[in-house]
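Coordinates from model_30.cif are shown below (mmCIF, C-alpha atoms and all ligand atoms).
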```cif
data_entry
loop_
_atom_site.label_atom_id
_atom_site.label_comp_id
_atom_site.auth_asym_id
_atom_site.auth_seq_id
_atom_site.Cartn_x
_atom_site.Cartn_y
_atom_site.Cartn_z
CA MET A 1 -17.45 -7.06 -2.69
CA VAL A 2 -17.90 -8.63 0.74
CA PRO A 3 -20.99 -7.00 2.34
CA PRO A 4 -19.90 -4.53 5.02
CA GLN A 5 -20.64 -6.67 8.09
CA GLY A 6 -17.35 -6.19 9.89
CA TYR A 7 -14.62 -3.57 9.74
CA ALA A 8 -12.17 -2.61 7.02
CA LEU A 9 -8.73 -2.08 8.56
CA ILE A 10 -6.54 0.27 6.50
CA THR A 11 -2.85 0.79 7.23
CA GLY A 12 -1.40 4.12 6.14
CA ALA A 13 -4.86 5.72 6.36
CA SER A 14 -3.59 9.18 7.36
CA SER A 15 -2.85 10.32 3.79
CA GLY A 16 -2.76 9.47 0.10
CA ILE A 17 -4.14 6.19 -1.20
CA GLY A 18 -4.97 4.82 2.28
CA GLU A 19 -6.98 7.89 3.24
CA GLU A 20 -8.85 7.65 -0.07
CA PHE A 21 -9.67 3.97 0.58
CA ALA A 22 -11.14 5.13 3.90
CA ARG A 23 -13.28 7.79 2.19
CA GLN A 24 -14.60 5.51 -0.58
CA LEU A 25 -15.24 2.56 1.74
CA ALA A 26 -17.05 4.79 4.25
CA ALA A 27 -19.28 5.95 1.39
CA ARG A 28 -20.08 2.26 0.75
CA GLY A 29 -21.14 1.83 4.39
CA TRP A 30 -18.01 0.19 5.80
CA SER A 31 -16.98 0.74 9.39
CA LEU A 32 -13.26 1.39 9.56
CA VAL A 33 -10.11 0.90 11.62
CA LEU A 34 -7.57 3.53 10.56
CA VAL A 35 -3.88 2.93 11.30
CA ALA A 36 -0.84 5.22 10.81
CA ARG A 37 1.63 7.09 13.01
CA SER A 38 0.06 10.60 12.82
CA GLN A 39 -2.67 10.67 15.48
CA ASP A 40 -3.86 14.18 14.55
CA ARG A 41 -4.35 13.27 10.88
CA LEU A 42 -6.13 10.02 11.78
CA GLU A 43 -8.47 11.83 14.19
CA LYS A 44 -9.27 14.44 11.54
CA VAL A 45 -10.16 11.77 8.95
CA ARG A 46 -12.13 9.86 11.59
CA GLY A 47 -14.12 12.96 12.57
CA GLU A 48 -14.92 13.86 8.95
CA LEU A 49 -16.07 10.35 8.06
CA MET A 50 -18.16 9.87 11.23
CA SER A 51 -20.08 13.08 10.58
CA ALA A 52 -20.47 12.48 6.81
CA HIS A 53 -21.71 8.87 7.07
CA MET A 54 -24.40 7.92 9.55
CA GLY A 55 -24.33 4.43 11.00
CA ILE A 56 -20.66 3.66 10.50
CA ASP A 57 -18.05 3.35 13.23
CA VAL A 58 -14.53 4.66 12.69
CA VAL A 59 -11.70 3.73 15.06
CA ALA A 60 -8.30 5.43 14.87
CA ILE A 61 -5.25 3.51 16.09
CA PRO A 62 -2.01 5.52 15.99
CA LEU A 63 0.84 3.04 15.60
CA ASP A 64 4.29 2.76 14.07
CA LEU A 65 4.06 -0.54 12.22
CA THR A 66 7.86 -0.88 12.13
CA ALA A 67 8.05 -1.01 15.94
CA PRO A 68 8.85 -4.50 17.28
CA GLY A 69 5.64 -6.48 17.82
CA ALA A 70 3.43 -3.73 16.33
CA PRO A 71 1.37 -5.97 13.97
CA ALA A 72 0.65 -8.45 16.80
CA ASP A 73 -0.23 -5.54 19.10
CA LEU A 74 -2.66 -4.18 16.48
CA PHE A 75 -4.27 -7.61 16.07
CA GLN A 76 -4.70 -7.97 19.86
CA ARG A 77 -6.21 -4.50 20.15
CA THR A 78 -8.80 -5.13 17.43
CA ARG A 79 -9.62 -8.53 18.94
CA ALA A 80 -9.94 -7.17 22.47
CA ALA A 81 -12.33 -4.48 21.18
CA ASN A 82 -14.39 -7.09 19.24
CA LEU A 83 -13.68 -5.40 15.91
CA ASP A 84 -14.16 -8.18 13.35
CA VAL A 85 -11.88 -7.26 10.47
CA ASP A 86 -13.49 -8.47 7.23
CA LEU A 87 -11.23 -6.44 4.96
CA LEU A 88 -7.53 -5.80 5.56
CA ILE A 89 -5.91 -3.18 3.35
CA ASN A 90 -2.12 -3.44 3.62
CA ASN A 91 -1.39 -0.01 2.18
CA ALA A 92 1.28 1.63 4.39
CA GLY A 93 4.56 1.76 2.52
CA VAL A 94 7.56 3.99 1.92
CA GLY A 95 10.16 4.40 -0.81
CA ALA A 96 13.66 5.85 -0.95
CA LEU A 97 15.22 7.08 -4.17
CA GLY A 98 18.99 7.13 -4.42
CA GLU A 99 21.99 4.87 -4.65
CA PHE A 100 21.32 1.90 -2.37
CA ALA A 101 24.76 1.79 -0.74
CA LEU A 102 24.44 5.46 0.24
CA LEU A 103 21.03 5.15 1.93
CA ASP A 104 20.93 5.34 5.70
CA LEU A 105 20.84 1.74 7.00
CA ASN A 106 18.05 2.51 9.50
CA ARG A 107 15.94 3.81 6.64
CA VAL A 108 16.68 0.62 4.69
CA ARG A 109 15.58 -1.52 7.64
CA ARG A 110 12.42 0.53 8.20
CA MET A 111 11.43 0.11 4.54
CA ILE A 112 11.77 -3.68 4.78
CA ASP A 113 9.97 -3.71 8.15
CA LEU A 114 7.03 -1.69 6.81
CA ASN A 115 6.72 -2.78 3.16
CA ILE A 116 7.36 -6.49 3.82
CA VAL A 117 7.46 -7.59 7.47
CA ALA A 118 4.38 -5.70 8.72
CA LEU A 119 2.39 -6.62 5.59
CA VAL A 120 3.24 -10.32 5.94
CA GLU A 121 2.53 -10.41 9.69
CA LEU A 122 -0.81 -8.63 9.33
CA ALA A 123 -1.86 -10.95 6.50
CA HIS A 124 -0.89 -13.95 8.64
CA LEU A 125 -2.76 -12.69 11.71
CA TYR A 126 -5.98 -11.58 10.00
CA LEU A 127 -6.28 -14.32 7.36
CA GLN A 128 -6.73 -17.06 9.97
CA PRO A 129 -9.97 -15.71 11.51
CA MET A 130 -11.24 -14.78 8.04
CA MET A 131 -10.65 -18.34 6.85
CA GLN A 132 -12.44 -19.71 9.91
CA ARG A 133 -15.41 -17.44 9.19
CA GLN A 134 -15.18 -18.34 5.45
CA ARG A 135 -15.54 -14.63 4.82
CA GLY A 136 -13.20 -11.72 4.27
CA ALA A 137 -10.64 -10.14 2.01
CA VAL A 138 -7.16 -8.66 1.87
CA ILE A 139 -6.01 -5.92 -0.49
CA ASP A 140 -2.23 -5.45 -0.69
CA ILE A 141 -0.76 -2.35 -2.29
CA ALA A 142 2.27 -3.13 -4.45
CA SER A 143 3.36 -0.95 -7.41
CA VAL A 144 4.25 -1.01 -11.11
CA ALA A 145 7.77 -0.69 -9.64
CA GLY A 146 7.41 -4.35 -8.64
CA PHE A 147 7.37 -5.54 -12.26
CA SER A 148 11.05 -4.78 -12.93
CA PRO A 149 14.29 -4.19 -11.04
CA LEU A 150 14.77 -0.40 -10.75
CA PRO A 151 18.28 0.99 -10.23
CA TYR A 152 18.34 3.90 -7.73
CA SER A 153 15.07 2.58 -6.35
CA ALA A 154 16.43 -0.93 -6.00
CA LEU A 155 15.15 -1.84 -2.56
CA TYR A 156 11.72 -0.25 -3.00
CA ALA A 157 11.15 -2.10 -6.31
CA ALA A 158 12.30 -5.35 -4.69
CA THR A 159 9.89 -4.92 -1.76
CA LYS A 160 7.03 -4.36 -4.20
CA ALA A 161 8.07 -7.39 -6.31
CA PHE A 162 7.80 -9.36 -3.07
CA VAL A 163 4.31 -8.01 -2.35
CA LEU A 164 3.15 -8.78 -5.89
CA SER A 165 4.43 -12.38 -5.86
CA PHE A 166 3.27 -13.06 -2.28
CA SER A 167 -0.25 -11.69 -2.88
CA GLN A 168 -0.83 -13.47 -6.18
CA ALA A 169 0.08 -16.79 -4.56
CA LEU A 170 -2.13 -16.07 -1.52
CA PHE A 171 -5.08 -15.38 -3.84
CA GLU A 172 -5.14 -19.08 -4.78
CA GLU A 173 -4.65 -20.35 -1.21
CA ALA A 174 -7.24 -18.09 0.37
CA ARG A 175 -9.99 -18.57 -2.22
CA GLN A 176 -10.27 -22.23 -1.07
CA HIS A 177 -11.53 -20.78 2.23
CA GLY A 178 -13.91 -18.17 0.81
CA VAL A 179 -11.40 -15.33 1.29
CA HIS A 180 -10.42 -12.95 -1.51
CA VAL A 181 -6.86 -11.56 -1.86
CA MET A 182 -6.12 -8.84 -4.41
CA VAL A 183 -2.96 -6.90 -5.16
CA VAL A 184 -3.14 -3.32 -6.47
CA ASN A 185 -0.28 -1.96 -8.57
CA PRO A 186 -0.51 1.81 -8.97
CA GLY A 187 1.93 3.85 -11.03
CA SER A 188 3.04 7.33 -9.94
CA THR A 189 0.19 8.80 -7.88
CA GLU A 190 -0.29 12.29 -6.43
CA THR A 191 0.31 11.70 -2.69
CA ASN A 192 2.98 12.48 -0.08
CA PHE A 193 4.95 9.48 -1.35
CA PHE A 194 7.60 11.44 -3.27
CA GLN A 195 8.05 13.92 -0.40
CA VAL A 196 9.18 10.95 1.69
CA ALA A 197 10.95 8.91 -1.02
CA GLY A 198 12.59 11.83 -2.82
CA LYS A 199 11.76 13.29 -6.22
CA GLY A 200 13.00 11.58 -9.38
CA PRO A 201 12.22 11.22 -13.09
CA PHE A 202 8.93 9.43 -12.33
CA SER A 203 7.51 12.11 -10.04
CA ASP A 204 6.14 14.55 -12.63
CA PRO A 205 2.68 15.51 -11.23
CA SER A 206 1.21 16.09 -14.72
CA ARG A 207 1.62 12.36 -15.47
CA MET A 208 0.27 11.02 -12.19
CA GLN A 209 -3.10 9.51 -11.28
CA THR A 210 -4.97 10.90 -8.30
CA SER A 211 -5.56 8.70 -5.23
CA ALA A 212 -9.29 8.88 -5.98
CA GLU A 213 -8.74 7.37 -9.46
CA VAL A 214 -6.48 4.63 -8.08
CA VAL A 215 -8.97 3.64 -5.38
CA ARG A 216 -12.02 3.81 -7.68
CA GLU A 217 -10.34 1.44 -10.16
CA SER A 218 -9.15 -0.80 -7.32
CA LEU A 219 -12.60 -1.16 -5.77
CA ARG A 220 -14.15 -1.83 -9.18
CA ALA A 221 -11.62 -4.66 -9.72
CA PHE A 222 -12.25 -5.89 -6.18
CA ASP A 223 -16.00 -6.05 -6.83
CA ARG A 224 -15.18 -8.25 -9.84
CA LYS A 225 -13.02 -10.53 -7.62
CA LYS A 226 -9.82 -9.82 -9.58
CA SER A 227 -6.55 -11.15 -8.15
CA SER A 228 -4.40 -8.30 -9.42
CA ILE A 229 -4.85 -4.88 -10.98
CA VAL A 230 -2.58 -2.26 -12.52
CA THR A 231 -4.32 1.10 -12.27
CA GLY A 232 -4.29 3.60 -15.15
CA ALA A 233 -4.19 2.79 -18.88
CA SER A 234 -0.66 4.16 -19.37
CA ASN A 235 0.59 2.11 -16.41
CA ARG A 236 -0.93 -1.01 -17.95
CA TRP A 237 1.05 -0.31 -21.15
CA LEU A 238 4.18 0.30 -19.09
CA VAL A 239 3.81 -3.10 -17.41
CA VAL A 240 3.42 -4.80 -20.81
CA VAL A 241 6.66 -3.14 -21.94
CA LEU A 242 8.43 -4.02 -18.67
CA THR A 243 7.49 -7.69 -18.99
CA LEU A 244 8.33 -7.95 -22.73
CA LEU A 245 11.71 -6.19 -22.91
CA PRO A 246 14.92 -7.82 -21.67
CA ARG A 247 15.58 -6.87 -18.02
CA ARG A 248 19.16 -5.87 -18.77
CA TRP A 249 17.88 -3.35 -21.32
CA ILE A 250 15.32 -1.91 -18.89
CA THR A 251 17.71 -1.62 -15.95
CA SER A 252 20.29 0.14 -18.12
CA ALA A 253 17.68 2.62 -19.50
CA VAL A 254 16.28 3.32 -15.99
CA ALA A 255 19.79 3.79 -14.57
CA ARG A 256 20.59 6.33 -17.30
CA ALA A 257 17.34 8.25 -16.62
CA MET A 258 18.00 8.24 -12.87
CA ARG A 259 21.60 9.44 -13.33
CA ARG A 260 20.36 12.26 -15.57
CA ALA A 261 18.08 13.25 -12.65
CA ASN A 262 21.16 13.09 -10.36
CA MET A 263 19.72 10.22 -8.30
CA GLY A 264 23.22 8.72 -7.95
CA VAL A 265 24.50 11.86 -6.24
CA PRO A 266 25.04 11.41 -2.48
CA GLY A 267 22.38 13.28 -0.54
CA LYS A 268 19.84 13.30 -3.36
CA GLY A 269 16.64 11.43 -2.45
CA GLN A 270 17.89 10.75 1.10
N1 LIG A 301 2.28 7.48 -4.67
C1 LIG A 301 2.79 6.67 -5.57
O1 LIG A 301 3.32 7.10 -6.61
C2 LIG A 301 2.71 5.17 -5.37
C3 LIG A 301 2.85 4.34 -6.51
C4 LIG A 301 2.76 2.96 -6.34
C5 LIG A 301 2.53 2.43 -5.09
N2 LIG A 301 2.40 3.26 -4.01
C6 LIG A 301 2.18 2.63 -2.71
O2 LIG A 301 0.96 3.12 -2.15
C7 LIG A 301 1.00 2.98 -0.74
C8 LIG A 301 0.50 4.26 -0.10
O3 LIG A 301 1.40 5.32 -0.36
P1 LIG A 301 0.92 6.78 -0.75
O4 LIG A 301 1.34 7.01 -2.16
O5 LIG A 301 -0.48 6.99 -0.38
O6 LIG A 301 1.92 7.64 0.15
P2 LIG A 301 1.69 8.54 1.44
O7 LIG A 301 0.70 9.61 1.16
O8 LIG A 301 3.07 8.92 1.87
O9 LIG A 301 1.05 7.53 2.50
C9 LIG A 301 1.81 6.60 3.23
C10 LIG A 301 1.00 6.18 4.45
O10 LIG A 301 1.76 5.22 5.20
C11 LIG A 301 1.81 5.64 6.56
N3 LIG A 301 3.04 5.18 7.19
C12 LIG A 301 4.31 5.48 6.85
N4 LIG A 301 5.18 4.90 7.69
C13 LIG A 301 4.43 4.22 8.59
C14 LIG A 301 4.74 3.43 9.73
N5 LIG A 301 6.02 3.21 10.10
N6 LIG A 301 3.73 2.88 10.44
C15 LIG A 301 2.44 3.10 10.09
N7 LIG A 301 2.08 3.83 9.01
C16 LIG A 301 3.07 4.39 8.29
C17 LIG A 301 1.75 7.17 6.48
O11 LIG A 301 1.24 7.75 7.66
P3 LIG A 301 2.14 8.33 8.87
O12 LIG A 301 3.24 9.11 8.27
O13 LIG A 301 1.13 9.12 9.63
O14 LIG A 301 2.59 7.13 9.63
C18 LIG A 301 0.72 7.36 5.38
O15 LIG A 301 -0.58 7.23 5.90
C19 LIG A 301 2.45 2.62 -0.39
O16 LIG A 301 2.53 1.23 -0.14
C20 LIG A 301 3.22 2.95 -1.64
O17 LIG A 301 4.38 2.18 -1.79
C21 LIG A 301 2.47 4.61 -4.12
#
```

Do you think you could lay out the structure here as structure tokens?
Ligand SMILES: NC(=O)c1ccc[n+]([C@@H]2O[C@H](COP(=O)([O-])OP(=O)(O)OC[C@H]3O[C@@H](n4cnc5c(N)ncnc54)[C@H](OP(=O)(O)O)[C@@H]3O)[C@@H](O)[C@H]2O)c1
Amino acid sequence: MVPPQGYALITGASSGIGEEFARQLAARGWSLVLVARSQDRLEKVRGELMSAHMGIDVVAIPLDLTAPGAPADLFQRTRAANLDVDLLINNAGVGALGEFALLDLNRVRRMIDLNIVALVELAHLYLQPMMQRQRGAVIDIASVAGFSPLPYSALYAATKAFVLSFSQALFEEARQHGVHVMVVNPGSTETNFFQVAGKGPFSDPSRMQTSAEVVRESLRAFDRKKSSIVTGASNRWLVVVLTLLPRRWITSAVARAMRRANMGVPGKGQ
């Protein structure tokens, strides 16, 4: 891993996988910039990490990354405060289970703005100074959902397919400049994700990884300079199945499972 000289900036650091990245990176001596909308949650995490780890700095920036100009605003604020970001973790993301045509259009736009637009803009803004310094790294959080089209989670799966493809291509471009890009693909993980996205057939807590497991595996892969990782042995098997079976077969089986869980019913997962 890049030695902790600068800051690790983590989007979606107020809960779940992002908060766990903050905890494990702080334990490795990284100073942090924490970004999410909930100021109170960010301040709580900041306070805990500052008192648990001597010598690190933790900055909390409450921000809605779907607001117009928010990624550029974040970049300017870190630059104005001389916070050299050596590690960008594009983690903030939301899902929405349910029939696509019945989802609220504002929610649809916000998902694209957060999962794709903000991630792309932040990568664009922070990669340039990293490439000039010939030092730095980006970790993008995609999902096993990005390996196949998923009916009743159609847009979410498509946003994660975008993140997967985009990040794997960037890995090759950035390594020419001494910068490491890695994409993490978790399966179902115990976080607030399903409270926001809606509960479905893949949200059984007994079959989920914890955020701590996801982040531990991710950082181990990052230390080994991997370009991509699927966390959890059963998720790795799932991805093998998803890539081997015909897509038409998978989409039909997923659609049946989602309909059994009533995900096609208006109002469910909204
Ligand atoms: N949990 C899973 O099963 C799973 C599986 C695969 C991939 N993932 C991916 O993992 C990533 C993290 O999700 P999670 O599971 O940890 O869920 P989570 O606990 O709901 O965390 C989502 C984070 O994103 C932040 N966020 C949401 N909207 C935002 C906005 N408009 N601007 C800034 N921050 C925003 C949230 O904070 P605020 O609400 O305070 O803004 C929160 O910190 C996501 O990209 C998700 O797609 C999750």

Subject >> Test item: residues lying within 8 Å of ligand LIG 301 (chain A) with all atoms listed in the file, as a ChimeraX atom specification >> reply: /A:11-19,35-39,41-42,62-67,90-95,110,114-115,141-145,156,160,185-196,203,208,211

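Minimum distance to A:Asp140 across A:Ala154, A:Glu48, A:Ser218, A:Gln176 (counting all atoms listed in the file) occurs at A:Ser218.
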
Original post:
Of the candidates A:Ala27, A:Leu242, A:Met131, A:Leu74, which shows the shortest atom-to-atom distance to A:Ser51, using all atoms listed in the file?
Top reply: A:Ala27

**OP:** Enumerate, as an NGL selection string, the protein, DNA and RNA residues whose atoms approach (15.2, -0.1, 5.3) to within 12 Å, taking into account all atoms listed in the file and the coordinate frame of the file.
**Re:** :A and (66 or 93-97 or 100-117 or 153-156 or 158-159 or 197 or 270)

**OP:** Take the point (-0.8, -12.1, 7.5) as written in the file and pick out every residue within 12 Å of it, counting all atoms listed in the file; give the list as number ranges by chain.
**Re:** A: 71-72, 75, 88-90, 116-131, 137-140, 163, 166-167, 170, 174, 181

Original post:
When distances are computed from all atoms listed in the file, which of A:Val179, A:Leu164, A:Ala22, A:Ala261 shows the smallest separation from A:Ser148?
Top reply: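 So, comparing all the options, the nearest one is A:Leu164.
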
Original post:
If you measure from atom CA of A:Gly136 to atom CA of A:Asn235, what distance in Å do you get, rounded to one decimal?
Top reply: 28.4 Å

**OP:** Calculate how many Å separate atom CA of A:Arg247 from atom CA of A:Gln168, rounding to one decimal.
**Re:**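 According to the coordinates, atom CA of A:Arg247 and atom CA of A:Gln168 are separated by 21.3 Å.
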
**OP:** Could you jot down the atom CA of A:Val184 to atom CA of A:Thr231 separation for me, Å, one decimal place?
**Re:** 7.4 Å

Original post:
So which one's closest to A:Arg259, A:Glu217, A:Ile10, A:Tyr152, A:Ala212? Using all atoms listed in the file, please.
Top reply: A:Tyr152

What are the closest atom pairs, with distances in Å to one decimal, for each residue of stretch 6-31 of chain A lying within 9 Å of stretch 55-60 of chain A, using all atoms listed in the file, rows by chain and rising residue number, as CSV?
```
residue,atom,partner,partner_atom,distance
A:Tyr7,CA,A:Asp57,CA,8.5
A:Ala26,CA,A:Ile56,CA,7.3
A:Gly29,CA,A:Ile56,CA,6.4
A:Trp30,CA,A:Ile56,CA,6.4
A:Ser31,CA,A:Asp57,CA,4.8
```

**OP:** Could you give me, as a list in words, the residues within 12 Å of A:Arg28, counting all atoms listed in the file and dropping anything in the same chain fewer than 3 positions from it?
**Re:**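 Final neighbour list, sorted by chain and number: Met1, Val2, Pro3, Pro4, Gln5, Ala8, Phe21, Ala22, Arg23, Gln24, Leu25, Ser31, Leu32, Leu49, Ala52, His53, Met54, Gly55, Ile56, Arg216, Leu219 and Asp223 of chain A.
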
Subject >> A:Leu87, A:Arg175, A:Ile229, A:Leu150 ranked by distance to A:Trp249, top pick (using all atoms listed in the file) >> reply: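 Of A:Leu87, A:Arg175, A:Ile229, A:Leu150, the one nearest A:Trp249 is A:Leu150, counting all atoms listed in the file.
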
Subject >> Distance criterion (all atoms listed in the file): nearest to A:Thr251 out of A:Gly6, A:Ser165, A:Phe147, A:Met50 >> reply: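 Closest candidate: A:Phe147.
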